[in-house]
Structure formats: structure tokens, C-alpha cells
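Everything on this sheet refers to the single structure shown next.
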Amino acid sequence: MQADPNAGADLQAPPVPRFIGSNIYRNSSYGRMHPLRVPRVPTVMDLTRAMGWVAPGQYLSSPRARPAALHAWHDPAYVAALQQAEADGAVSDAVRARFHLGTAANPVYPEVFRRPATAAGASILAGQLLRDGGVIHSPGGGTHHGLPDRANGFCYLNDAVLAVLSLRHAGASRVAYVDIDAHHCDGVEHAFACDPDTLLVSVHEERRWPFTGALTDRGAGQVWNLPVPRGFNDTEMRAVLDRLILPRVAGFRPDAIVLQCGSDMLEEDPLSRLSLSNNAHFDVVRALRPLSARFLVLGGGGYNPWSVGRCWSGVWATLNGHEIPDRLPPDAEAVLRGLHWSGHRHGKAPPDHWFTTLRDAPREGPVRPAITDRLRSLDARAASWV
Ligand SMILES: [Zn+2]
């Protein structure tokens with residue numbers, strides 16, 4: 001058992017943020033050619049420690065969710081098939097067709113049940129730990145495409161949905177879910193579109209897989225989707241934060257906020273065409289924090305190992321109020337110099353600042369009409385929303 005850093009704390013003092021990680025992410029990979037062949041969570045674990053940003057008791061090792069806990073949202077037949085796929089190391093054609101396991105996107109790999117069940121365990125634990133308030137960062141979470149009865153978009157289980165259900169079980173009746181991944185959170189919207197007690201706000205790249213998340217989706221009136229065009233910049237994200245994310249979340253008066261903080265909206269990501277710097281992520285984290293007593297920050301997409309590690313380590317610094325230095329100390333730089341990105345041209349000669357800094361240079365730009373027009377249409381809808 002880890003000591004609880006908040007045990008016996010002064011009730012007036014702000015709770016100490018907690019980080020949920022696991023060494024399972026060090027030893028597993030989706031395979032040599034998959035975008036998720038790169039290390040992500042271990043980089044954040046090692047980089048934040050190298051920075052001296054993890055105090056005793058702040059780090060928790062994630063439990064693995066048991067099948068019964070996964071049945072809170074997932075079909076038992078699917079969970080059993082996922083366990084069997086891990087045991088067998090392969091699936092039949094019938095299982096592949098029914099559960100979308102063993103495909104190029106959702107390969108069968110040695111930890112294909114244990115790894116997603118660990119991310120799910122972290123999200124379920126986070127909901128329980130946040131019962132009395134606090135802040136948790138679980139960068140292994142954010143698998144927002146998972147569906148009740150099949151794998152989808154590199155996601156075998158949907159820990160984000162399980163986080164919301166766990167928070168609710170622990171007494172948070174109104175949960176605001178905000179998603180800034182480059183891809184729309186189709187699995188989460190599938191779960192909660194009809195639930196007026198779960199606010200859903202998603203900003204994602206337009207005309208990109210899974211091709212859901214239309215501006216016109218309303219759900220039960222609490223679904224707010226903003227597809228954004230290629231080249232989406234920091235200035236535009238600030239406009240979206242000020243005009244969409246913060247007013248909708250504040251107006252909802254949530255008991256808890258879940259932020260899916262995917263880093264594939266960053267300019268250097270290989271799977272999308274957006275242009276944010278990681279300052280945009282830090283701004284969203286900082287702005288959402290005061291809006292609820294319970295705050296859970298999950299990971300998500302992000303396929304450039306340097307961008308992901310630097311972004312999510314900076315998110316942890318932001319949650320803790322640590323200053324990010326302009327130049328990293330040698331131990332932290334060594335973590336970033338130890339990364340490899342095979343099979344991608346940017347992995348051959350990474351620019352020096354991917355090793356020596358954590359904060360990107362800002363990427364400001366014009367706020368284009370596509371953004372202002374869509375924000376205006378959502379504003380108009382909000383004005384009539386009761
Ligand atoms: Zn994504």
C-alpha cells in the first residue's frame with residue numbers, strides 16, 4: 001500500500017495532486033509498425049521524477065480492473081473474448097469480425113487484456129479517490145474510442161467512460177467531460193449522449209477518423225462538438241477555451257471534471273494536421289482546475305514520443321504549480337535523449353529542443369472564420385439552452 005499523501009492533511013489546504021501510472025506501459029507495445037509502438041507513459045513517469053516533481057506518496061501504481069468491474073459498461077462476452085485473445089495470442093476470424101480484435105488498428109499483443117485493464121483500473125480508482133475532492137493525472141487513460149462490445153481505434157476498453165461511472169458511483173452526480181484529442185470521442189458520446197447529467201465538450205479535427213462529432217450533435221442538449229480545420233493554432237484554442245469550453249463547463253456546475261488531454265493536436269503529431277503548441281494544453285488544464293472540486297486528467301492520443309512525453313509532463317507540472325525551466329537539467333534531458341522513434345522520418349534527426357526543453361514555442365495565428373462562425377453558432381444554441 002502506498003501512503004496517502006492527503007491523509008491527515010489540513011482540510012483547508014488544497015489537496016496534493018496524485019499521479020497514477022504503471023510499469024506495464026514499459027514492457028508492452030502494440031507491435032513494430034503500429035503508431036502506439038512508442039513509449040508514452042514511462043516517459044512521463046521518468047521525466048517528472050527526473051525533474052523532482054513527484055513527492056513521496058504522490059505516485060500510485062494502477063491496479064488492474066477485474067472483469068466484473070469492466071462489466072459496468074462493457075459486454076461480458078467481449079471482455080471474455082479480450083482475455084481469451086491474450087491467453088491464445090491470436091483470434092479466430094469469427095472473433096475478429098465480431099469484436100474487431102486482431103485487426104491492423106487493434107492488434108493482439110502479449111498484454112492486450114492486461115494493459116487496457118490497467119488503464120481502466122486507474123480510471124476506476126481515480127473516481128474512488130476523488131470522492132472527497134482532489135486532482136489526479138492518469139496519462140495511461142483516455143481510451144475514448146472503446147465501445148461496449150468491440151475494440152475501436154486502438155482502444156480495447158473505454159476507461160474514460162468507466163471514470164465517469166466511477167465518479168458518479170462515488171457521489172459526483174454531475175460530471176463534465178472535456179476532450180481535446182485530435183479525434184472525436186465517439187465511444188464516450190455513445191455512452192452519455194442521452195444523459196443530461198454528463199456534459200460532453202469535444203474539440204477535434206474535422207474530416208478525420210472516426211468522422212463522428214458533428215457540430216450539430218446535441219445529445220440531450222448537453223453535447224457540444226467543435227470540429228476544427230487543419231492548422232488549428234494556439235490563438236484559436238484560446239478562443240475555443242474562452243467561448244466554448246469554460247462557459248459550458250462553468251454553467252453546468254459540475255461535481256467533477258474529466259479532461260481527456262490527448263496530445264495529437266500538437267503540430268509534430270504524425271496522425272493529425274493540427275498546429276497547437278503544448279502551451280495550449282497547459283492553458284486548458286490551468287483554466288479548468290478551479291471549476292470543480294474533483295479534477296481527473298487522462299491521457300489519450302499522441303504518437304510522437306517526444307511531444308507526448310513533454311506535453312504530459314508539463315501537464316503534471318501545471319497541476320502542481322511547478323515552474324517549467326527554459327532548459328531541462330541533465331537527468332531530464334537524458335530521458336528524452338533515450339527515446340527512439342523507429343519507422344518515422346522525424347525519428348532520424350529530432351530537433352535539439354525536443355531533448356532540451358519541455359515547453360514548446362507558442363504557435364499563435366489568426367482566428368479563422370471557420371472557427372468564429374462555428375463558435376457563434378454554438379453560442380446561439382447556448383443562449384437558448386435551458
Ligand atoms: Zn486521437
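To be explicit about the labels: the chains of the C-alpha cells are called A, B, and onward in the order shown, and within each one the residues are counted from 1, while ligands get numbers from 1 in the order they are shown.
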
Compute the set of protein, DNA and RNA residues whose minimum atom distance to ligand 1 is at most 6 Å, using only C-alpha atoms and all ligand atoms, and state it as a compact mmCIF listing (two decimals) with C-alpha atoms, in the first residue's frame.
```txt
# COMPACT_ATOMS: atom_id res chain seq x y z
CA ASP A 181 -7.80 14.93 -28.54
CA ALA A 182 -7.46 15.38 -32.31
CA HIS A 183 -10.07 12.64 -32.78
CA ASP A 264 -2.22 14.53 -31.00
CA GLY A 301 -3.80 10.12 -28.40
```

List the neighbours of Ala55 (chain A) out to 10 Å using only C-alpha atoms; skip same-chain residues closer than 6 positions along the sequence, and give me the result as a PDB file with all heavy atoms, in the first residue's frame.
```
ATOM      1  N   PRO A   5      -0.933  10.705   0.428  1.00  0.00           N
ATOM      2  CA  PRO A   5      -0.314  11.994   0.738  1.00  0.00           C
ATOM      3  C   PRO A   5      -1.298  12.990   1.324  1.00  0.00           C
ATOM      4  O   PRO A   5      -0.893  13.988   1.909  1.00  0.00           O
ATOM      5  CB  PRO A   5       0.207  12.470  -0.623  1.00  0.00           C
ATOM      6  CG  PRO A   5      -0.627  11.759  -1.631  1.00  0.00           C
ATOM      7  CD  PRO A   5      -0.978  10.434  -1.001  1.00  0.00           C
ATOM      8  N   VAL A  16      -3.116  17.451  -2.504  1.00  0.00           N
ATOM      9  CA  VAL A  16      -1.918  17.208  -3.317  1.00  0.00           C
ATOM     10  C   VAL A  16      -2.328  16.385  -4.541  1.00  0.00           C
ATOM     11  O   VAL A  16      -2.961  15.341  -4.395  1.00  0.00           O
ATOM     12  CB  VAL A  16      -0.885  16.415  -2.487  1.00  0.00           C
ATOM     13  CG1 VAL A  16       0.354  16.125  -3.331  1.00  0.00           C
ATOM     14  CG2 VAL A  16      -0.517  17.184  -1.235  1.00  0.00           C
ATOM     15  N   PRO A  17      -1.987  16.832  -5.754  1.00  0.00           N
ATOM     16  CA  PRO A  17      -2.324  16.017  -6.929  1.00  0.00           C
ATOM     17  C   PRO A  17      -1.654  14.653  -6.869  1.00  0.00           C
ATOM     18  O   PRO A  17      -0.557  14.512  -6.330  1.00  0.00           O
ATOM     19  CB  PRO A  17      -1.766  16.839  -8.099  1.00  0.00           C
ATOM     20  CG  PRO A  17      -1.701  18.235  -7.598  1.00  0.00           C
ATOM     21  CD  PRO A  17      -1.373  18.114  -6.125  1.00  0.00           C
ATOM     22  N   ARG A  18      -2.325  13.671  -7.447  1.00  0.00           N
ATOM     23  CA  ARG A  18      -1.756  12.329  -7.491  1.00  0.00           C
ATOM     24  C   ARG A  18      -1.605  11.858  -8.928  1.00  0.00           C
ATOM     25  O   ARG A  18      -2.387  12.237  -9.792  1.00  0.00           O
ATOM     26  CB  ARG A  18      -2.609  11.364  -6.669  1.00  0.00           C
ATOM     27  CG  ARG A  18      -2.306  11.545  -5.181  1.00  0.00           C
ATOM     28  CD  ARG A  18      -3.186  10.717  -4.310  1.00  0.00           C
ATOM     29  NE  ARG A  18      -4.539  11.260  -4.244  1.00  0.00           N
ATOM     30  CZ  ARG A  18      -5.386  10.965  -3.282  1.00  0.00           C
ATOM     31  NH1 ARG A  18      -5.053  10.131  -2.324  1.00  0.00           N
ATOM     32  NH2 ARG A  18      -6.591  11.488  -3.272  1.00  0.00           N
ATOM     33  N   ARG A  49       9.873  12.492 -12.605  1.00  0.00           N
ATOM     34  CA  ARG A  49      10.778  12.142 -11.484  1.00  0.00           C
ATOM     35  C   ARG A  49      12.131  12.831 -11.643  1.00  0.00           C
ATOM     36  O   ARG A  49      12.698  13.349 -10.676  1.00  0.00           O
ATOM     37  CB  ARG A  49      10.986  10.632 -11.415  1.00  0.00           C
ATOM     38  CG  ARG A  49       9.859   9.910 -10.719  1.00  0.00           C
ATOM     39  CD  ARG A  49      10.269   8.505 -10.287  1.00  0.00           C
ATOM     40  NE  ARG A  49       9.100   7.748  -9.883  1.00  0.00           N
ATOM     41  CZ  ARG A  49       8.462   7.889  -8.730  1.00  0.00           C
ATOM     42  NH1 ARG A  49       8.896   8.780  -7.847  1.00  0.00           N
ATOM     43  NH2 ARG A  49       7.392   7.166  -8.456  1.00  0.00           N
TER      44      ARG A  49
END
```

Going by DSSP on the backbone, which residues of region 99-269 of chain A come out as helix (DSSP H, G or I)? List them as an MDAnalysis selection string. chainID A and resid 99 114:132 159:169 186:192 234:252

Selection: 10 Å around region 347-349 of chain A, only C-alpha atoms, excl. self and same-chain fewer than 5 positions, as a ChimeraX atom specification: /A:304-306,339-342

Output file for the residues above (N, CA, C and O atoms, as a tab-separated table (two decimals), in the first residue's frame):
```tsv
chain	number	residue	atom	x	y	z
A	304	ASN	N	3.91	11.00	-31.31
A	304	ASN	CA	5.31	11.41	-31.39
A	304	ASN	C	5.86	11.29	-29.97
A	304	ASN	O	5.39	11.98	-29.06
A	305	PRO	N	6.82	10.38	-29.75
A	305	PRO	CA	7.21	10.11	-28.36
A	305	PRO	C	7.74	11.33	-27.60
A	305	PRO	O	7.54	11.44	-26.39
A	306	TRP	N	8.40	12.23	-28.30
A	306	TRP	CA	8.92	13.42	-27.61
A	306	TRP	C	7.78	14.39	-27.27
A	306	TRP	O	7.71	14.90	-26.17
A	339	LEU	N	14.92	8.27	-25.95
A	339	LEU	CA	13.76	7.81	-26.73
A	339	LEU	C	14.15	7.51	-28.17
A	339	LEU	O	15.07	8.12	-28.71
A	340	HIS	N	13.41	6.58	-28.76
A	340	HIS	CA	13.62	6.27	-30.17
A	340	HIS	C	12.26	6.27	-30.87
A	340	HIS	O	11.25	5.94	-30.27
A	341	TRP	N	12.28	6.62	-32.12
A	341	TRP	CA	11.04	6.60	-32.91
A	341	TRP	C	11.37	5.97	-34.25
A	341	TRP	O	11.72	6.65	-35.20
A	342	SER	N	11.29	4.65	-34.27
A	342	SER	CA	11.66	3.93	-35.49
A	342	SER	C	10.54	4.05	-36.52
A	342	SER	O	9.37	4.21	-36.16
```

At a cut-off of 10 Å, using only C-alpha atoms, what residues contact Asn23 (chain A)? Leave out same-chain residues fewer than 5 positions from it and give the result as number ranges by chain. A: 28, 41-42, 45, 61-62, 115

Go ahead and write the selection's residues with N, CA, C and O atoms as a tab-separated table (two decimals), in the first residue's frame.
```tsv
chain	number	residue	atom	x	y	z
A	28	SER	N	5.19	-3.21	-22.81
A	28	SER	CA	4.25	-3.66	-23.82
A	28	SER	C	4.24	-2.68	-24.99
A	28	SER	O	4.53	-1.50	-24.84
A	41	VAL	N	3.65	6.70	-21.48
A	41	VAL	CA	3.51	6.85	-20.02
A	41	VAL	C	4.87	6.74	-19.31
A	41	VAL	O	5.15	7.53	-18.39
A	42	PRO	N	5.73	5.76	-19.67
A	42	PRO	CA	7.03	5.68	-18.98
A	42	PRO	C	7.85	6.96	-19.11
A	42	PRO	O	8.56	7.33	-18.18
A	45	MET	N	6.51	9.26	-16.52
A	45	MET	CA	6.94	8.80	-15.19
A	45	MET	C	8.40	9.17	-14.93
A	45	MET	O	8.76	9.68	-13.87
A	61	SER	N	0.61	3.22	-8.09
A	61	SER	CA	0.67	2.22	-9.16
A	61	SER	C	-0.75	1.72	-9.42
A	61	SER	O	-1.47	1.35	-8.49
A	62	SER	N	-1.14	1.71	-10.67
A	62	SER	CA	-2.53	1.38	-11.01
A	62	SER	C	-2.85	-0.09	-10.73
A	62	SER	O	-2.07	-0.98	-11.09
A	115	ARG	N	-3.04	-4.66	-20.30
A	115	ARG	CA	-2.72	-3.23	-20.42
A	115	ARG	C	-3.97	-2.34	-20.42
A	115	ARG	O	-4.05	-1.43	-19.59
```

Which residues of region 129-225 of chain A come within 12 Å of region 307-329 of chain A, and for each one, what is the closest pair of atoms and their distance in Å to one decimal, counting only C-alpha atoms, sorted by chain and residue number, as a tab-separated table?
```
residue	atom	partner	partner_atom	distance
A:Gly134	CA	A:Leu319	CA	10.7
A:Val135	CA	A:Leu319	CA	7.7
A:Ile136	CA	A:Leu319	CA	8.8
A:His137	CA	A:Trp316	CA	7.0
A:Ser138	CA	A:Trp316	CA	9.7
A:Pro139	CA	A:Trp312	CA	7.2
A:Gly140	CA	A:Trp312	CA	10.5
A:Gly141	CA	A:Trp312	CA	11.9
A:Asp181	CA	A:Val308	CA	12.0
```

For Ala193 (chain A), work out the shell of residues within 9 Å, counting only C-alpha atoms and skipping chain neighbours fewer than 3 positions away, then give it as an mmCIF file with all heavy atoms, in the first residue's frame.
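Full text of out-v7.cif as output:
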```
data_model
loop_
_atom_site.group_PDB
_atom_site.id
_atom_site.type_symbol
_atom_site.label_atom_id
_atom_site.label_comp_id
_atom_site.auth_asym_id
_atom_site.auth_seq_id
_atom_site.Cartn_x
_atom_site.Cartn_y
_atom_site.Cartn_z
ATOM 1 N N VAL A 188 -17.259 7.754 -25.943
ATOM 2 C CA VAL A 188 -17.807 8.470 -24.787
ATOM 3 C C VAL A 188 -19.163 9.081 -25.146
ATOM 4 O O VAL A 188 -20.108 9.040 -24.353
ATOM 5 C CB VAL A 188 -16.816 9.546 -24.293
ATOM 6 C CG1 VAL A 188 -17.356 10.233 -23.042
ATOM 7 C CG2 VAL A 188 -15.450 8.929 -24.007
ATOM 8 N N GLU A 189 -19.262 9.603 -26.368
ATOM 9 C CA GLU A 189 -20.554 10.156 -26.778
ATOM 10 C C GLU A 189 -21.600 9.045 -26.893
ATOM 11 O O GLU A 189 -22.767 9.240 -26.529
ATOM 12 C CB GLU A 189 -20.421 10.931 -28.096
ATOM 13 C CG GLU A 189 -21.714 11.674 -28.449
ATOM 14 C CD GLU A 189 -21.563 12.653 -29.614
ATOM 15 O OE1 GLU A 189 -20.592 13.424 -29.638
ATOM 16 O OE2 GLU A 189 -22.450 12.645 -30.492
ATOM 17 N N HIS A 190 -21.162 7.889 -27.363
ATOM 18 C CA HIS A 190 -22.074 6.740 -27.431
ATOM 19 C C HIS A 190 -22.633 6.419 -26.034
ATOM 20 O O HIS A 190 -23.812 6.106 -25.878
ATOM 21 C CB HIS A 190 -21.315 5.536 -27.993
ATOM 22 C CG HIS A 190 -22.105 4.259 -28.062
ATOM 23 N ND1 HIS A 190 -22.967 3.972 -29.086
ATOM 24 C CD2 HIS A 190 -22.169 3.201 -27.209
ATOM 25 C CE1 HIS A 190 -23.533 2.793 -28.875
ATOM 26 N NE2 HIS A 190 -23.063 2.304 -27.743
ATOM 27 N N PRO A 196 -28.390 13.704 -19.388
ATOM 28 C CA PRO A 196 -28.280 15.147 -19.119
ATOM 29 C C PRO A 196 -27.334 15.483 -17.971
ATOM 30 O O PRO A 196 -26.953 16.643 -17.828
ATOM 31 C CB PRO A 196 -29.730 15.550 -18.770
ATOM 32 C CG PRO A 196 -30.414 14.288 -18.396
ATOM 33 C CD PRO A 196 -29.734 13.175 -19.131
ATOM 34 N N THR A 198 -24.264 14.312 -17.735
ATOM 35 C CA THR A 198 -22.880 14.251 -18.206
ATOM 36 C C THR A 198 -22.714 15.232 -19.360
ATOM 37 O O THR A 198 -23.207 15.006 -20.470
ATOM 38 C CB THR A 198 -22.509 12.832 -18.681
ATOM 39 O OG1 THR A 198 -22.798 11.908 -17.624
ATOM 40 C CG2 THR A 198 -21.030 12.732 -19.007
ATOM 41 N N LEU A 199 -22.035 16.335 -19.075
ATOM 42 C CA LEU A 199 -21.735 17.315 -20.114
ATOM 43 C C LEU A 199 -20.603 16.774 -20.989
ATOM 44 O O LEU A 199 -19.614 16.241 -20.465
ATOM 45 C CB LEU A 199 -21.277 18.629 -19.455
ATOM 46 C CG LEU A 199 -20.846 19.752 -20.400
ATOM 47 C CD1 LEU A 199 -22.075 20.425 -21.018
ATOM 48 C CD2 LEU A 199 -19.994 20.792 -19.668
ATOM 49 N N LEU A 200 -20.737 16.890 -22.297
ATOM 50 C CA LEU A 200 -19.687 16.438 -23.214
ATOM 51 C C LEU A 200 -19.261 17.600 -24.102
ATOM 52 O O LEU A 200 -20.082 18.159 -24.831
ATOM 53 C CB LEU A 200 -20.209 15.300 -24.099
ATOM 54 C CG LEU A 200 -20.664 14.011 -23.412
ATOM 55 C CD1 LEU A 200 -21.168 13.010 -24.450
ATOM 56 C CD2 LEU A 200 -19.537 13.388 -22.606
ATOM 57 N N ASP A 217 -24.493 17.867 -33.464
ATOM 58 C CA ASP A 217 -24.913 16.897 -32.430
ATOM 59 C C ASP A 217 -25.358 17.657 -31.188
ATOM 60 O O ASP A 217 -24.689 18.591 -30.749
ATOM 61 C CB ASP A 217 -23.731 16.005 -32.000
ATOM 62 C CG ASP A 217 -23.372 14.934 -33.020
ATOM 63 O OD1 ASP A 217 -24.003 14.915 -34.097
ATOM 64 O OD2 ASP A 217 -22.454 14.147 -32.729
ATOM 65 N N ARG A 218 -26.454 17.231 -30.599
ATOM 66 C CA ARG A 218 -26.949 17.917 -29.394
ATOM 67 C C ARG A 218 -27.097 16.978 -28.209
ATOM 68 O O ARG A 218 -27.163 17.416 -27.078
ATOM 69 C CB ARG A 218 -28.312 18.557 -29.666
ATOM 70 C CG ARG A 218 -28.323 19.545 -30.794
ATOM 71 C CD ARG A 218 -29.732 20.021 -31.087
ATOM 72 N NE ARG A 218 -30.209 20.849 -30.016
ATOM 73 C CZ ARG A 218 -30.274 22.168 -30.084
ATOM 74 N NH1 ARG A 218 -29.892 22.804 -31.168
ATOM 75 N NH2 ARG A 218 -30.741 22.868 -29.072
ATOM 76 N N GLY A 219 -27.221 15.670 -28.484
ATOM 77 C CA GLY A 219 -27.492 14.731 -27.412
ATOM 78 C C GLY A 219 -28.766 15.123 -26.699
ATOM 79 O O GLY A 219 -29.787 15.429 -27.325
ATOM 80 N N ALA A 220 -28.704 15.159 -25.365
ATOM 81 C CA ALA A 220 -29.857 15.605 -24.571
ATOM 82 C C ALA A 220 -29.772 17.114 -24.340
ATOM 83 O O ALA A 220 -30.276 17.627 -23.348
ATOM 84 C CB ALA A 220 -29.885 14.848 -23.243
ATOM 85 N N GLY A 221 -29.066 17.811 -25.230
ATOM 86 C CA GLY A 221 -28.867 19.252 -25.082
ATOM 87 C C GLY A 221 -27.527 19.585 -24.465
ATOM 88 O O GLY A 221 -27.133 20.744 -24.416
ATOM 89 N N GLN A 222 -26.798 18.556 -24.014
ATOM 90 C CA GLN A 222 -25.543 18.784 -23.275
ATOM 91 C C GLN A 222 -24.320 18.313 -24.048
ATOM 92 O O GLN A 222 -23.232 18.226 -23.501
ATOM 93 C CB GLN A 222 -25.644 18.095 -21.905
ATOM 94 C CG GLN A 222 -25.188 16.640 -21.807
ATOM 95 C CD GLN A 222 -25.859 15.636 -22.765
ATOM 96 O OE1 GLN A 222 -26.671 15.979 -23.628
ATOM 97 N NE2 GLN A 222 -25.480 14.400 -22.639
ATOM 98 N N VAL A 223 -24.476 18.041 -25.349
ATOM 99 C CA VAL A 223 -23.345 17.618 -26.181
ATOM 100 C C VAL A 223 -22.893 18.802 -27.040
ATOM 101 O O VAL A 223 -23.703 19.411 -27.740
ATOM 102 C CB VAL A 223 -23.752 16.435 -27.098
ATOM 103 C CG1 VAL A 223 -22.645 16.117 -28.097
ATOM 104 C CG2 VAL A 223 -24.080 15.203 -26.251
#
```

Given the choices A:Asn152, A:Thr143, A:Ser123, A:Thr43, which gets closest to Phe99 (chain A) if the distance is worked out from only C-alpha atoms?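 Under the stated criterion, the closest residue is A:Asn152.
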
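Each of A:Ala77, A:Ile245, A:Ala256, A:Ala280 was checked against Trp224 (chain A) using only C-alpha atoms; the smallest atom-to-atom distance is that of A:Ile245.
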
Residues within 9 Å of Met237 (chain A), only C-alpha atoms, excluding chain neighbours under 6 positions, as an MDAnalysis selection string: chainID A and resid 276 280 284 367

Nearby residues (only C-alpha atoms) at most 12 Å from Thr212 (chain A), same-chain spacing under 5 positions excluded, as a PyMOL selection string: chain A and resi 145+183-190+202-207+217+225-227

Expected answer as number ranges by chain: strand (DSSP E or B) residues in region 167-312 of chain A: A: 175-179, 198-205, 223-228, 256-260, 266, 276, 294-298

Of the candidates A:Arg294, A:Pro369, A:Gly153, A:Asn278, which one gets nearest to Leu36 (chain A) if we count only C-alpha atoms? A:Gly153

Point-to-point distance in Å for CA of Asp197 (chain A) and CA of Met265 (chain A): 27.7 Å

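From CA of Val228 (chain A) back to CA of Pro366 (chain A), the distance works out to 13.5 Å.
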
For CA of Phe154 (chain A) and CA of His346 (chain A), the interatomic separation in Å (one decimal):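 Distance reported for this atom pair: 22.1 Å.
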